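Note sheet for the following structure.
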Amino acid sequence: MALTEEQAAVRDVVREFAGEEIRPTALEADEKQAFPEDVWDGLADLDLTGLTVPEEYGGYDADPVTAAVVNEEVAYGMLAVATALSVHSLATSCIAEFGSEDQQERWLPEMAAGRPVGAFALSEPHAGSNPAEMSTVARRDGDEYVIDGEKQWITNGRRAGVYVLFAKTDRDDPSSVTQFLVPGDVDGLTVGEKEDKLGLRASDTTSLTFDDVRIPAANRLTEEGKGLSAAFHILTGGRIAIAAQSVGLARCALDEATAYSQEREQFGGPISDIQTIRHKLAEMATRTRAARLLTRDAARKRAAGGAALEASMAKYFASEAAMFATNEAVQIHGGYGYVTEGEVERLYRDAKITEIYEGTTEIQKTVIARELLD
């Protein structure tokens with residue numbers, strides 16, 4: 001599954017940027033829980049904030065494999081940045097795939113340039129893995145929709161200038177979920193405080209509260225009742241992105257562990273001479289490679305128009321590979337892996353979220369089984 005010459009060139013550019021601009025900011029950004037906006041501007045300069053924006057609107061319009069490569073390399077630098085980028089890309093994908101020409105012209109050129117940042121508002125406090133149970137309602141009132149409800153776990157919550165919102169048009173009808181565009185400055189929208197998280201601490205995750213929020217009917221992205229199928233379609237690409245980010249995280253942990261094992265001396269030589277350590281590195285490398293192959297396969301299937309099964313397989317396997325690799329990296333570093341000034345402690349904390357967001361491991365297994373049985 002070799003990359004094309006163009007894909008390899010993109011990989012090299014993003015890899016250099018991640019090494020020189022993203023990774024050096026990671027420790028401080030995590031400690032201060034502050035998103036590195038200069039890094040975001042750098043991503044915009046590389047056209048990566050337009051990753052899923054059509055060229056006619058100033059975007060890069062990357063194919064799924066190239067997008068996976070970008071996500072892997074950015075996550076190698078810092079998962080919080082990669083997550084912010086992938087969620088922004090979910091929002092631009094929704095507008096590009098489901099928006100009217102007016103909506104696309106209004107939002108996509110500026111979003112491709114990096115601002116406004118996009119967010120994806122699907123989850124709710126009592127409706128995470130089953131979004132059909134959402135309680136947010138958008139009631140039609142003449143030429144407007146009036147929105148009331150609450151969303152939870154929104155990446156880019158405070159940074160966003162536009163939210164792709166999912167709400168029911170009929171409170172009692174699960175099949176009425178519809179997709180809307182909500183500007184960040186509308187009256188009645190309250191953005192909650194930033195969550196204090198185990199990992200991914202530089203990424204702002206918030207709640208959103210909608211209290212009699214009025215938006216033009218022209219801000220509806222899908223026909224009424226078509227929002228949930230649109231969400232699942234977009235999230236297939238999102239799961240491939242998270243799988244790719246998991247690969248980047250696992251690769252970073254492997255590189256840190258490999259380097260440390262060759263530097264750290266015990267029992268008269270480097271610990272890389274100890275068979276137990278060598279076996280750990282071997283398994284980390286094998287799982288990381290397998291995760292990348294599953295992810296690239298899913299991306300190629302996505303380019304061909306499918307990939308629900310493959311995306312869930314890749315996301316499930318790669319997220320567990322990231323958790324395994326970062327755990328082993330901490331173990332290889334010993335006490336130095338447990339302290340906060342080290343790199344691998346942050347990688348370990350960050351890795352856990354990959355098994356949760358964009359569909360938990362358990363949800364991915366459910367999707368895989370359903371695809372096999374149906």
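Labels for the structure tokens follow display order: chains A, B, ..., residues from 1 in each chain, ligands from 1.
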
Report task. From a DSSP calculation on the backbone, collect every residue of region 211-368 of chain A in helix (DSSP H, G or I) and output the set as a ChimeraX atom specification. Result -> /A:217-219,227-263,271-273,275-303,308-337,343-355,361-368

Please identify all polymer residues within 8 Å of Val65 (chain A), counting only C-alpha atoms, omitting same-chain residues fewer than 2 positions from it, and present them as a short mmCIF file (atom, residue, chain, number, x, y, z; two decimals) with N, CA, C and O atoms, in the first residue's frame.
```cif
data_model
loop_
_atom_site.label_atom_id
_atom_site.label_comp_id
_atom_site.auth_asym_id
_atom_site.auth_seq_id
_atom_site.Cartn_x
_atom_site.Cartn_y
_atom_site.Cartn_z
N GLN A 7 1.37 12.02 -2.39
CA GLN A 7 1.02 11.73 -1.00
C GLN A 7 2.28 11.68 -0.12
O GLN A 7 2.28 12.18 1.01
N ALA A 62 -8.41 17.05 -0.11
CA ALA A 62 -7.56 15.87 -0.07
C ALA A 62 -8.36 14.59 -0.25
O ALA A 62 -9.49 14.48 0.23
N ASP A 63 -7.78 13.63 -0.94
CA ASP A 63 -8.39 12.31 -1.01
C ASP A 63 -8.26 11.65 0.36
O ASP A 63 -7.45 12.07 1.21
N ALA A 67 -5.63 12.51 3.49
CA ALA A 67 -6.17 13.01 4.76
C ALA A 67 -5.69 12.15 5.92
O ALA A 67 -5.35 12.67 7.00
N ALA A 68 -5.66 10.83 5.73
CA ALA A 68 -5.17 9.94 6.79
C ALA A 68 -3.70 10.19 7.07
O ALA A 68 -3.27 10.20 8.24
N VAL A 69 -2.93 10.39 6.03
CA VAL A 69 -1.50 10.68 6.20
C VAL A 69 -1.31 11.97 7.01
O VAL A 69 -0.48 12.02 7.93
N ARG A 296 -5.04 2.69 6.26
CA ARG A 296 -4.87 3.02 4.84
C ARG A 296 -5.86 2.23 3.99
O ARG A 296 -6.40 2.75 3.01
N ALA A 299 -9.14 3.95 4.28
CA ALA A 299 -9.12 5.20 3.51
C ALA A 299 -9.30 4.93 2.03
O ALA A 299 -10.02 5.66 1.33
N ARG A 300 -8.69 3.87 1.53
CA ARG A 300 -8.86 3.54 0.11
C ARG A 300 -10.28 3.07 -0.18
O ARG A 300 -10.85 3.39 -1.22
N ALA A 303 -12.42 6.11 -0.39
CA ALA A 303 -12.27 6.79 -1.68
C ALA A 303 -13.13 6.13 -2.75
O ALA A 303 -13.59 6.78 -3.68
#
```

Report summary line: Using only C-alpha atoms, the residue out of A:Glu21, A:Asp255, A:Glu28, A:Asp102 with shortest distance to Leu281 (chain A) is A:Asp255

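The nearest approach to Asn71 (chain A) among the residues A:Glu223, A:Pro36, A:Ile234, A:Leu48, with only C-alpha atoms taken into account, belongs to A:Leu48.
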
Query raised in the report: Which residues, written as a PyMOL selection string, have at least one atom at most 12 Å from region 12-17 of chain A, with only C-alpha atoms counted and residues fewer than 5 positions away on the same chain left out?
Result: chain A and resi 3+5-7+22-25+39-48+66-78+82+248+252

Report task. Choose the residue, out of A:Thr276, A:Thr236, A:Thr190, A:Ser246, that has the smallest atom-to-atom separation from Thr288 (chain A); count only C-alpha atoms. Result -> A:Ser246

Quick one: residues within 9 Å of Ser93 (chain A), only C-alpha atoms counted, chain neighbours fewer than 4 positions away excluded, as a short mmCIF file (atom, residue, chain, number, x, y, z; two decimals) with C-alpha atoms, in the first residue's frame?
```cif
data_model
loop_
_atom_site.label_atom_id
_atom_site.label_comp_id
_atom_site.auth_asym_id
_atom_site.auth_seq_id
_atom_site.Cartn_x
_atom_site.Cartn_y
_atom_site.Cartn_z
CA THR A 52 -11.86 18.63 3.15
CA VAL A 53 -12.83 21.85 1.36
CA HIS A 88 -12.87 21.33 11.91
CA SER A 89 -12.66 19.03 8.88
CA GLU A 97 -21.37 17.52 1.06
CA PHE A 98 -24.77 18.76 2.22
CA ILE A 234 -19.50 11.94 7.83
#
```

Requested in this report: Compile the contact shell of region 308-318 of chain A as an NGL selection string: residues with an atom at most 8 Å away, counting only C-alpha atoms, same-chain residues fewer than 3 positions apart removed.
Outcome: :A and (236-237 or 239-240 or 242-244 or 246-247 or 288 or 291-292 or 294-295 or 297-299 or 301 or 321-322 or 355 or 361 or 364-365 or 367-368 or 371)
